[in-house]
Every structure is written in structure tokens, then in C-alpha cells.
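I have placed the structure first, in the form of C-alpha cells, so that the comments after it can refer back to it.
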Amino acid sequence: MRAQNPILPLRDVVLLPGMIARLHLLRPTDVMAVEAHLSSQRPLVVVSQLDPLEEEVEGAEVSPVGVRATVLRSVRLGDGTLRLLLEGGDRMGISGLRADPDAGLVASARALPERLQDAHTADLLVEKLRAGLRALTGPESGYPASLGRIADLPVSPGRLADHVAANLTLPHITRLTYLGELSVDQRLSMALVDLGRELQLAEISQRVNKEVQVRMDKQQREYYLREQIRGLRKELGEVAEGHDEAEALEKKLRDAGMPEAVLEEALRELDRLRRMHPDASEYNVSRSWLEWLASMPWQSSTEDQTDLRHAATVLTEDHHGLEKVKERILEYLAVRTLKPDGRVPVLCFLGPPGVGKTSLGRSVARALGRQFQRVSLGGMKDEAEIRGHRRTYVGALPGRIINALKRAGTRNPVIVLDEIDKLGKDFRGDPASALLEVLDPEQNHAFSDHYLDVPFDLSQVLFICTANLAGPIPSALRDRLEITEIPGYILEDKVKIAKDHLVPKLIEQHGLRPDQLTVTAPAIRHLVEAYTSEAGVRKLEQRLAALHRKAARRFVEGRTRPMRVDSEAKVVALLGPPRHFAELAERADVPGVAIGLAWTEAGGEILFIEADRYKATGESLKLTGQLGEVMKESAEAALTVVRSRCAALGIDPAVFKDQHIHVHLPAGGIPKDGPSAGVGLVTALTSLLTGRRVKPYLAMTGEVTLRGKVLPVGGIKEKVLAARRSGVQEVILPARNAVDLEDVPAPLREQLRYHFVENIDEVLALSLEEAVAPPAAAETSL
């Protein structure tokens with residue numbers, strides 16, 4: 001049986017032949033292996049662990065090749081550990097590694113002979129290796145001279161390669177490769193490659209060190225001159241505190257991470273500041289400018305959370321519905337995941353008040369894990385609000401955009417530009433034009449604020465604009481926006497939002513407990529139908545807040561039983577009589593009254609169109625109700641359409657000669673305009689002149705031509721929502737607007753009956769009841 005040799009496994013050291021290593025052995029098994037070697041004179045074989053992080057000897061994988069080691073010196077310490085000085089010898093192969101109670105680890109070991117395949121090639125490699133070692137340890141190299149002396153050692157080619165590997169900075173796995181390689185030619189080639197890499201690193205290091213030295217010399221010179229200036233200022237009796245303040249400013253500026261060109265400009269201004277007296281008028285101007293530069297987030301940014309599931313969960317938690325908007329945000333996140341440095345879009349949420357445009361921007365920031373800032377643009381008329389004032393003016397400050405970035409503390413926040421459609425302009429400039437650079441991805445990477453007067457990168461900022469109307473936004477600015485429309489909510493959505501979001505928030509705001517006040521779905525439904533008339537939920541929140549205030553007062557006055565609002569009667573008892581009524585049945589029960597559908601910045605609304613006639617001379621058509629020019633022209637075209645169909649409709653043409661027709665649209669305090677009331681005007685006039693009433697609970701929209709063609713109009717979703725909110729049961733729409741119903745929620749499509757028409761004859765056939773006696777014209781003379 002072959003003798004068992006003690007085995008010493010090293011964790012993070014690879015002992016190569018000819019290498020001398022100082023070791024401190026802490027593990028008891030390692031100490032036992034050395035002591036067994038010293039007492040029995042059995043050869044000690046040193047191997048290396050394949051995983052240097054493995055603490056325990058048992059179970060650790062070791063290299064199958066080691067070296068026969070010679071103990072040059074050993075010192076036993078009082079804590080049981082051992083200090084060694086080892087020299088590596090020939091390579092040894094081990095097998096049958098096992099634990100031993102006396103020697104720690106033992107294994108069978110045998111000498112491994114080296115192989116030399118081509119002596120001529122080996123000689124060439126040795127010469128190159130010796131030349132490389134001499135070049136590596138040249139003057140100003142920073143490497144020890146002992147490394148260069150290796151080139152002059154009278155050693156074999158294989159041992160020379162081992163010496164080079166032992167003295168270069170190589171990874172653990174690379175040293176293990178050298179240990180296990182028995183081919184001398186291969187080891188020489190490996191050593192030459194690693195030595196060449198070390199030479200390249202040494203060259204780069206020398207170049208960097210020279211650059212750093214030059215820079216250090218310049219800084220030391222500047223420091224010396226500043227110290228001289230400080231001494232002269234003290235001799236002159238000038239205040240020294242300003243200098244200390246300048247030193248602190250310089251440190252902030254250098255730590256801010258600003259671009260080199262900006263830093264140079266700031267340091268020039270700082271030198272001017274040092275030469276100023278603190279009482280000088282320009283001192284505070286310069287100091288404020290430098291403090292603004294130092295406080296800007298030049299490099300600070302947050303890492304985007306690109307988990308789509310997390311983003312979808314956040315958006316769903318914060319907002320009910322709005323599927324298209326959520327889908328667009330998730331698409332942005334998906335693109336951001338695939339291309340982090342891609343172009344950032346400029347989103348614009350367009351919709352009526354109270355639908356959650358601004359809060360949606362806050363949810364986007366939470367979903368992305370970014371900071372959130374809001375900039376209100378409503379009523380802004382001064383361009384300097386965007387670009388800032390020149391710092392030469394007294395009290396000058398940066399614009400709103402730079403201010404928002406400073407508050408956010410990062411260079412990639414979500415900034416909501418609220419009410420972008422309400423920007424104004426006057427002699428002080430046009431803020432909308434200033435926003436062109438801010439919102440253009442091709443320009444905003446070098447946005448220049450008038451106050452800072454240095455470029456700042458806005459390309460990583462996610463701008464989200466909100467607006468009620470697209471029309472007031474200038475076309476050049478609108479072209480840079482990716483507009484996403486947010487329509488109003490249907491009744492079911494409002495009830496859901498109230499129960500899941502508004503009521504819990506109001507309970508917390510009013511200091512109530514969830515078990516003290518319960519507002520049921522039927523009560524919320526009655527609140528929506530009888531106390532609000534809006535596309536969003538802002539008024540609904542105000543009405544719910546009123547309920548919570550009354551409940552809070554009753555509990556403060558001594559009530560102990562929980563309150564439950566679960567019926568219309570309880571809502572009326574708390575809030576008083578309803579404010580809104582469905583007037584369709586009463587208002588449309590006589591000939592000459594039709595119901596149109598209109599789009600407003602607050603969503604959709606129903607529009608009553610009333611027509612009457614009386615005997616008079618002169619002008620044949622009178623229009624009232626604060627109508628715009630387009631709607632007046634639509635009324636004149638509608639009258640022409642009716643007159644051209646007198647025979648088909650059974651109308652006596654003589655009525656147009658001696659009777660005055662008056663068309664009125666109620667709510668005269670509200671301006672009305674647009675062509676979409678065309679079919680409603682034709683229907684109201686036809687109903688008046690034929691005596692046929694318009695069917696109840698029916699509304700319509702569409703532009704009409706002189707030939708009777710019905711043309712498509714916009715705002716279909718908002719108009720349909722208004723029809724449903726007002727109790728309409730049937731809606732007449734232009735045939736080419738059928739595709740717009742895809743945007744209407746499925747429950748709403750099922751609750752209403754839709755008729756799609758192409759000409760006015762179809763409209764009249766669908767909308768008018770059977771004929772009754774036409775009303776006689778009033779005996780009035782004007």
C-alpha cells in the first residue's frame with residue numbers, strides 16, 4: 001500500500017513550484033497536517049481549494065495537482081495557530097483524499113513529470129519572457145526590482161513560467177490553471193500572454209499617473225497662491241469669512257458632478273467671488289448663482305422599476321378604469337426595459353375636470369419609482385416663468401422647470417405640467433413658445449435656463465401634460481405631445497370609485513372610523529344621479545364630504561350608534577332636496593322640441609332645441625341662446641333642408657311667407673357653437689311644422705348638409721355618457737361614427753339603443769311620432 005502523505009489545503013493561495021509563501025494556519029486540520037509532516041518526515045503536499053470562499057475543510061473541493069512543499073520556518077503561537085514559511089517544489093498528483101485523525105487530511109501522492117514538446121519554441125518563448133520582465137521593471141514602472149531579477153535566474157523554462165505566474169497579479173482560477181498545466185510550452189505561452197497584459201496595464205497606469213500628477217501640481221500651485229492672497233487680505237484688514245464660504249462652495253461645486261465645461265464656468269465665477277468684498281452688491285448675486293448650480297441634480301437619478309406587474313398593480317390601486325391610459329403607460333415601461341436610454345415620450349392627458357388626470361401622473365411616478373413634481377401652468381403669461389430671469393436682475397430666480405428639478409433632487413423625475421391649455425401670453429412673452437424647447441426630445445438634452453445660463457439635460461425627465469381642451473394648445477406645441485384622451489365615467493364607474501377610493505379617503509380625512517359611517521351603493525347612485533351632473537367625480541367627492549361632515553358633527557355631539565346611509569330618503573334628509581332632475585319627459589312632450597348632444601370641456605351635455613312660430617312680417621328665422629356663427633349657419637342650413645322637403649313632409653310652403661320661426665337653445669348664459677346640432681335643428685323644425693312630436697327619451701347628434709347628408713362629428717363617447725346620465729334611451733348617430741362606439745364601455749353600449757343614419761330622411765323616420773294637428777301660428781305682428 002502506497003504511503004499516505006499529509007495534505008495542506010490552502011483557501012486563497014496557490015503555491016507554485018519555486019514560490020515562497022508566508023502563511024498563517026488557523027484551521028486545526030491544517031496545523032495537524034504540518035505537524036505530521038515535521039514529526040514523520042513524510043512529504044507535505046500543498047493543494048488549493050477550488051472555491052476560496054469555502055470555510056470548512058470537509059466537503060471542500062481541492063485541486064488534483066499540488067506541490068511538494070518544504071517548511072523553511074514554523075512558529076507555533078499560543079492560540080494554537082501556526083505561522084509558516086513554505087517553498088514550493090515539484091508538482092504532485094493526489095488521489096484518495098480522506099480525513100485522518102492524526103494528520104488532518106491525507107492522500108496518495110505521486111510526482112508528475114513535465115513535458116517539453118519543442119525545445120526550439122520553448123527557447124524563443126523564454127527569451128521573449130525575459131525581455132518582457134526587464135521591460136516591466138523599467139524606470140518609473142512602479143514594479144519591484146526583484147521581479148526583473150527573475151529574468152536573470154538560471155532556471156529551467158518551466159520553472160521560469162512558474163516564477164512569472166507567481167509574481168503577477170492573476171485571478172485564483174488562473175493560478176490553478178498554471179498549477180495543473182504539465183506542458184512547459186503551454187505554460188510559457190500563458191505566461192507571455194499574461195505578462196503582455198500586465199505591460200499594457202502598466203503603460204496605462206503610468207499615463208494616468210502623469211496626468212494626475214500634472215493636475216495635482218496645478219492644484220497645489222493654486223492652493224499656494226490662494227494662501228498668499230489670504231495672507232495679503234488679512235494684512236489689508238478685509239473680512240476672511242467670505243473666503244471660508246468660497247471654500248465650502250468650491251467643494252460643493254466639485255462634488256455636484258456637473259459637466260466639465262459647466263464646472264469651469266462655475267470656478268471662474270467663484271474666483272470672481274473671492275476677489276469681491278462681502279458687502280459688494282454683486283456678491284450675493286454670484287453666491288446665489290453658484291449655490292443654485294451646486295444644488296442641481298447633475299448626476300443624481302433614480303432607477304426605474306420596470307416590473308410591469310408592479311406598475312399594473314399600482315395603477316389599478318390608484319385609479320378605476322382608464323384602461324387605454326394604463327395600457328400606454330405599461331407600453332412605455334416595456335420599451336424602457338428593452339432600451340433604457342431610449343427617447344422619453346411627452347404624454348398629454350386630455351379630458352374633462354375631475355377624471356383624475358393630475359393624480360394619474362402621481363400614480364405613474366409611483367409605478368416607476370421616480371420622484372414626482374407638479375408645475376401649474378394655468379394663467380401663466382410670463383415666459384420667464386419657464387425659462388427664468390437673467391441673473392443680472394434684482395431678485396432673479398430660475399424658471400419653474402429648473403425649480404421642480406431641484407425640489408425633486410433627481411435628474412429623471414416625473415413632472416406634471418398641469419392645465420397646459422390655459423397658458424396665456426402678453427407683452428412679457430409667450431410661455432407656450434418657451435415650452436417648445438422643454439418638451440422637444442431633440443432639443444431638451446441641452447435646455448438653457450436664463451438664470452443658470454448653462455445647458456441642463458432634461459432628456460431623462462418624463463413630462464406629463466394635462467388639459468381640458470386640445471384647441472387652445474398652440475399647434476407647434478400640440479405636435480410635440482402624445483395626446484391620450486380620458487373621457488368621463490359612467491354611473492357604474494362612479495359608484496365603484498366612490499366605494500373603493502373616495503369614501504375610505506374621506507373617512508380618514510374627517511377623523512372617522514370605518515365602522516362609524518357606511519354609505520351604500522344605492523345611496524351613492526342617488527348622489528350621482530340627483531346631486532351631480534359631471535363627467536368626473538369632483539362634485540361627487542364634495543357631496544360625499546358633506547355627508548362625512550354631518551356624520552362627524554353628530555358623533556362629536558354625542559351620537560354613539562353607527563350611521564348608515566343606505567337609501568334616497570336618508571340622502572335627502574342629510575343633503576336636502578336633489579339639485580338635478582331628468583327633464584326629458586316634460587321638456588320634449590310638445591312638437592318643436594328635440595334633444596341634441598353636445599361636447600364641452602366638462603364632458604358631454606344634452607342640448608334642448610326648441611322651435612316655435614308666429615305670424616309676422618320681415619325676417620323669417622330668429623335664433624337665440626347665445627349661438628356661435630357655426631351654429632347659426634347650421635340653423636339656416638337646417639331650415640333650407642326642411643323647405644326643400646315640404647312636399648315629402650306635407651308642409652304648406654306658404655307658412656314660410658307670413659310666419660316667423662324662432663329657434664331657441666335654453667341656458668342662454670352658456671355660449672354654444674359647432675355643427676353637430678344640425679340633425680337636431682332639422683328635427684325640431686320638422687316637428688314644429690308637421691305637428692309630429694319627437695319620440696321621448698331620444699337624443700341625436702350629427703352635421704347635416706344642404707342635400708340632407710348626415711356627416712360624422714367628434715366627442716361621441718362623451719356625448720353618449722351625457723345621454724346615459726340624463727336618462728336617454730335611444731341615440732341617433734352618423735353612420736361613420738359607428739367605429740367610435742368601440743371606445744364606449746360595454747355596459748353603456750348595452751344600456752342604450754343606437755341608430756346609425758346616413759341622411760336626414762332616416763333621422764326623421766326614426767325620431768318623429770305619428771302626425772297630430774299642427775299648432776296654429778300665434779296672431780302676433782312685429
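Letters for chains follow the order of the C-alpha cells (A, B, ...), residue numbers begin at 1 for each chain, and ligand numbers begin at 1 in the order shown.
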request  = Please identify all polymer residues within 10 Å of A:His172, counting only C-alpha atoms, omitting same-chain residues fewer than 5 positions from it, and present them as an MDAnalysis selection string.
outcome  = chainID A and resid 11:14 48:52 177
Could you please take those selected residues and save all heavy atoms as an mmCIF file, in the first residue's frame?
```
data_model
loop_
_atom_site.group_PDB
_atom_site.id
_atom_site.type_symbol
_atom_site.label_atom_id
_atom_site.label_comp_id
_atom_site.auth_asym_id
_atom_site.auth_seq_id
_atom_site.Cartn_x
_atom_site.Cartn_y
_atom_site.Cartn_z
ATOM 1 N N ARG A 11 -6.773 28.091 1.137
ATOM 2 C CA ARG A 11 -8.045 28.660 0.672
ATOM 3 C C ARG A 11 -7.836 29.628 -0.479
ATOM 4 O O ARG A 11 -8.420 29.475 -1.543
ATOM 5 C CB ARG A 11 -8.764 29.378 1.818
ATOM 6 C CG ARG A 11 -9.393 28.432 2.822
ATOM 7 C CD ARG A 11 -10.089 29.222 3.918
ATOM 8 N NE ARG A 11 -11.027 30.173 3.358
ATOM 9 C CZ ARG A 11 -11.457 31.263 3.972
ATOM 10 N NH1 ARG A 11 -11.004 31.548 5.173
ATOM 11 N NH2 ARG A 11 -12.317 32.068 3.394
ATOM 12 N N ASP A 12 -7.078 30.665 -0.279
ATOM 13 C CA ASP A 12 -6.969 31.727 -1.276
ATOM 14 C C ASP A 12 -5.547 31.917 -1.789
ATOM 15 O O ASP A 12 -5.200 32.957 -2.311
ATOM 16 C CB ASP A 12 -7.486 33.054 -0.703
ATOM 17 C CG ASP A 12 -6.844 33.372 0.628
ATOM 18 O OD1 ASP A 12 -6.014 32.576 1.086
ATOM 19 O OD2 ASP A 12 -7.175 34.432 1.213
ATOM 20 N N VAL A 13 -4.711 30.914 -1.615
ATOM 21 C CA VAL A 13 -3.329 30.960 -2.086
ATOM 22 C C VAL A 13 -3.078 29.737 -2.956
ATOM 23 O O VAL A 13 -3.498 28.621 -2.614
ATOM 24 C CB VAL A 13 -2.328 30.991 -0.911
ATOM 25 C CG1 VAL A 13 -0.886 30.948 -1.428
ATOM 26 C CG2 VAL A 13 -2.545 32.237 -0.059
ATOM 27 N N VAL A 14 -2.417 29.950 -4.079
ATOM 28 C CA VAL A 14 -1.986 28.848 -4.947
ATOM 29 C C VAL A 14 -0.462 28.829 -4.918
ATOM 30 O O VAL A 14 0.196 29.754 -5.406
ATOM 31 C CB VAL A 14 -2.497 29.023 -6.396
ATOM 32 C CG1 VAL A 14 -2.005 27.877 -7.270
ATOM 33 C CG2 VAL A 14 -4.023 29.087 -6.413
ATOM 34 N N SER A 48 -4.689 23.518 -3.405
ATOM 35 C CA SER A 48 -5.526 24.727 -3.280
ATOM 36 C C SER A 48 -6.998 24.358 -3.410
ATOM 37 O O SER A 48 -7.357 23.483 -4.216
ATOM 38 C CB SER A 48 -5.167 25.754 -4.361
ATOM 39 O OG SER A 48 -3.858 26.237 -4.168
ATOM 40 N N GLN A 49 -7.836 25.024 -2.614
ATOM 41 C CA GLN A 49 -9.283 24.823 -2.742
ATOM 42 C C GLN A 49 -9.778 25.470 -4.026
ATOM 43 O O GLN A 49 -9.370 26.576 -4.387
ATOM 44 C CB GLN A 49 -10.012 25.438 -1.536
ATOM 45 C CG GLN A 49 -9.707 24.748 -0.232
ATOM 46 C CD GLN A 49 -10.473 25.357 0.924
ATOM 47 O OE1 GLN A 49 -10.175 25.076 2.064
ATOM 48 N NE2 GLN A 49 -11.478 26.173 0.652
ATOM 49 N N LEU A 50 -10.683 24.767 -4.706
ATOM 50 C CA LEU A 50 -11.249 25.339 -5.925
ATOM 51 C C LEU A 50 -12.140 26.527 -5.607
ATOM 52 O O LEU A 50 -12.241 27.471 -6.387
ATOM 53 C CB LEU A 50 -12.039 24.271 -6.690
ATOM 54 C CG LEU A 50 -11.227 23.059 -7.155
ATOM 55 C CD1 LEU A 50 -12.103 22.110 -7.957
ATOM 56 C CD2 LEU A 50 -10.019 23.499 -7.989
ATOM 57 N N ASP A 51 -12.825 26.496 -4.455
ATOM 58 C CA ASP A 51 -13.662 27.617 -4.013
ATOM 59 C C ASP A 51 -12.983 28.278 -2.820
ATOM 60 O O ASP A 51 -13.010 27.737 -1.706
ATOM 61 C CB ASP A 51 -15.056 27.120 -3.624
ATOM 62 C CG ASP A 51 -15.984 28.262 -3.238
ATOM 63 O OD1 ASP A 51 -15.567 29.424 -3.362
ATOM 64 O OD2 ASP A 51 -17.132 27.989 -2.820
ATOM 65 N N PRO A 52 -12.356 29.435 -3.017
ATOM 66 C CA PRO A 52 -11.634 30.062 -1.893
ATOM 67 C C PRO A 52 -12.554 30.549 -0.779
ATOM 68 O O PRO A 52 -12.076 30.891 0.302
ATOM 69 C CB PRO A 52 -10.906 31.240 -2.561
ATOM 70 C CG PRO A 52 -11.692 31.533 -3.787
ATOM 71 C CD PRO A 52 -12.244 30.223 -4.247
ATOM 72 N N THR A 177 -4.877 27.128 -13.054
ATOM 73 C CA THR A 177 -4.587 26.615 -14.394
ATOM 74 C C THR A 177 -3.085 26.409 -14.584
ATOM 75 O O THR A 177 -2.646 25.403 -15.158
ATOM 76 C CB THR A 177 -5.130 27.588 -15.455
ATOM 77 O OG1 THR A 177 -6.530 27.808 -15.225
ATOM 78 C CG2 THR A 177 -4.960 27.023 -16.846
#
```
Please identify all polymer residues within 6 Å of stretch 147-161 of chain A, counting only C-alpha atoms, omitting same-chain residues fewer than 3 positions from it, and present them as a short mmCIF file (atom, residue, chain, number, x, y, z; two decimals) with N, CA, C and O atoms, in the first residue's frame.
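The result, written out as part-v9.cif:
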```cif
data_model
loop_
_atom_site.label_atom_id
_atom_site.label_comp_id
_atom_site.auth_asym_id
_atom_site.auth_seq_id
_atom_site.Cartn_x
_atom_site.Cartn_y
_atom_site.Cartn_z
N ARG A 130 11.87 36.81 -20.82
CA ARG A 130 12.90 37.54 -20.08
C ARG A 130 12.91 39.02 -20.51
O ARG A 130 13.05 39.92 -19.68
N LEU A 133 9.97 40.81 -18.89
CA LEU A 133 10.20 41.09 -17.47
C LEU A 133 11.09 42.30 -17.29
O LEU A 133 10.87 43.13 -16.39
N ARG A 134 12.13 42.43 -18.12
CA ARG A 134 13.02 43.58 -18.00
C ARG A 134 12.28 44.88 -18.35
O ARG A 134 12.49 45.92 -17.72
N THR A 137 9.91 46.06 -15.47
CA THR A 137 10.54 46.63 -14.27
C THR A 137 11.49 47.77 -14.62
O THR A 137 12.47 48.01 -13.91
N PRO A 144 8.47 46.10 -8.34
CA PRO A 144 9.71 45.86 -7.59
C PRO A 144 10.82 45.34 -8.49
O PRO A 144 10.58 44.63 -9.47
N VAL A 164 7.07 33.61 -13.11
CA VAL A 164 6.31 34.75 -13.65
C VAL A 164 4.87 34.72 -13.13
O VAL A 164 4.32 35.74 -12.69
N VAL A 184 5.29 22.37 -20.61
CA VAL A 184 6.14 23.55 -20.44
C VAL A 184 5.85 24.59 -21.51
O VAL A 184 5.76 25.80 -21.24
N LEU A 188 4.62 28.46 -20.80
CA LEU A 188 5.38 29.62 -21.28
C LEU A 188 4.50 30.55 -22.11
O LEU A 188 4.57 31.78 -21.98
N ALA A 191 2.20 32.42 -19.76
CA ALA A 191 2.94 33.45 -19.03
C ALA A 191 3.23 34.65 -19.91
O ALA A 191 3.17 35.81 -19.46
#
```
request  = Extract, using only C-alpha atoms, all DNA, RNA and protein residues at most 8 Å from stretch 387-403 of chain A, discarding same-chain residues fewer than 4 positions from it, and format them as a VMD selection string.
outcome  = chain A and resid 285 289 375 383 407 434 448 to 452
inquiry  = For A:Asp566, find every residue with an atom within 7 Å (counting only C-alpha atoms), except residues of its own chain fewer than 3 positions away, and show them as a ChimeraX atom specification.
reply    = /A:519-520,522-523,570
I need the residues from that last selection saved to file as a compact mmCIF listing (two decimals), in the first residue's frame (with N, CA and C atoms), if you can.
```
# COMPACT_ATOMS: atom_id res chain seq x y z
N VAL A 519 -71.76 54.18 3.75
CA VAL A 519 -72.53 54.74 2.63
C VAL A 519 -72.65 53.62 1.59
N THR A 520 -73.87 53.17 1.34
CA THR A 520 -74.07 52.01 0.46
C THR A 520 -74.12 52.44 -1.00
N PRO A 522 -76.56 51.98 -3.31
CA PRO A 522 -77.77 52.70 -3.73
C PRO A 522 -77.75 54.18 -3.36
N ALA A 523 -77.22 54.50 -2.17
CA ALA A 523 -77.14 55.91 -1.77
C ALA A 523 -76.16 56.67 -2.66
N LYS A 570 -82.58 58.93 3.18
CA LYS A 570 -81.54 59.36 4.12
C LYS A 570 -80.60 60.38 3.47
```
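Between A:Trp298 and the candidates A:Asn444, A:Thr683, A:Asn412, A:Gln200, the tightest atom-to-atom separation, counting only C-alpha atoms, involves A:Asn412.
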key: Close residues, A:Arg549 itself excluded, 12 Å, only C-alpha atoms, min 3 positions apart in chain, as a ChimeraX atom specification   = /A:506-512,517,542-546,552-556,574-575
query = Which of stretch 446-645 of chain A counts as strand (DSSP E) under DSSP, as a PyMOL selection string please?
reply = chain A and resi 447-448+455-456+462-467+482-485+517-519+563-565+593-600+603-615+621-624
request  = Determine the nearest neighbour of A:Leu338 from the options A:Thr306, A:Leu249, A:Met380, A:Ile609, counting only C-alpha atoms.
outcome  =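 Of A:Thr306, A:Leu249, A:Met380, A:Ile609, the one nearest A:Leu338, counting only C-alpha atoms, is A:Thr306.
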task = Would you please work out which residue, of A:Ile606, A:Ala202, A:Leu768, A:Val335, is nearest to A:Val720 when using only C-alpha atoms?
result = A:Ile606
request  = Using DSSP on the backbone coordinates, identify the residues of stretch 142-291 of chain A assigned to alpha helix (DSSP H); present them as an MDAnalysis selection string.
outcome  = chainID A and resid 145:149 157:167 172:180 184:236 241:255 260:275 281:291
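What separates atom CA of A:Leu681 from atom CA of A:Gly714 is a distance of 17.6 Å.
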key: Among listed residues A:Val663, A:Leu477, A:Val34, A:Ile94, nearest A:Thr81 (using only C-alpha atoms)   =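 Between A:Val663, A:Leu477, A:Val34, A:Ile94, the residue approaching A:Thr81 most closely is A:Val34.
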inquiry  = Ranking A:Ala246, A:Ala165, A:Leu502, A:Ala647 by minimum distance to A:Arg272 and counting only C-alpha atoms, which one comes first?
reply    = A:Ala246
ask   = atom CA of A:Glu750 and atom CA of A:Tyr531, how far apart in Å?
value =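 Computing the Euclidean distance for atom CA of A:Tyr531 and atom CA of A:Glu750 yields 25.0 Å.
Atom pair atom CA of A:Glu87 / atom CA of A:Lys128: separated by 26.5 Å.
Residues with any atom within 8 Å of stretch 752-767 of chain A, counting only C-alpha atoms and excluding same-chain neighbours fewer than 2 positions away, are Val679, Val682, Thr683, Val694, Lys695, Leu698, Val704, Gly708, Lys709, Val710, Leu711, Arg724, Val728, Gln729, Glu730, Val731, Ile732, Leu733, Pro734, Ala735, Asn737, Ala738, Leu748, Arg749, Glu750 and Glu769 of chain A.
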ask   = Smallest atom-to-atom distance to A:Trp599: which of A:Val642, A:Ala446, A:Leu491, A:Val713, using only C-alpha atoms?
value =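 Looking at the shortest contact to A:Trp599, the residue is A:Val713.
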message = Show me, as a list in words, the residues that have an atom within 7 Å of stretch 321-332 of chain A when counting only C-alpha atoms, minus same-chain residues fewer than 2 positions from it.
response =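 In the requested form, the answer reads Leu308, Leu315, His319, Ala334, Val335, Arg336, Thr484 and Ile486 of chain A.
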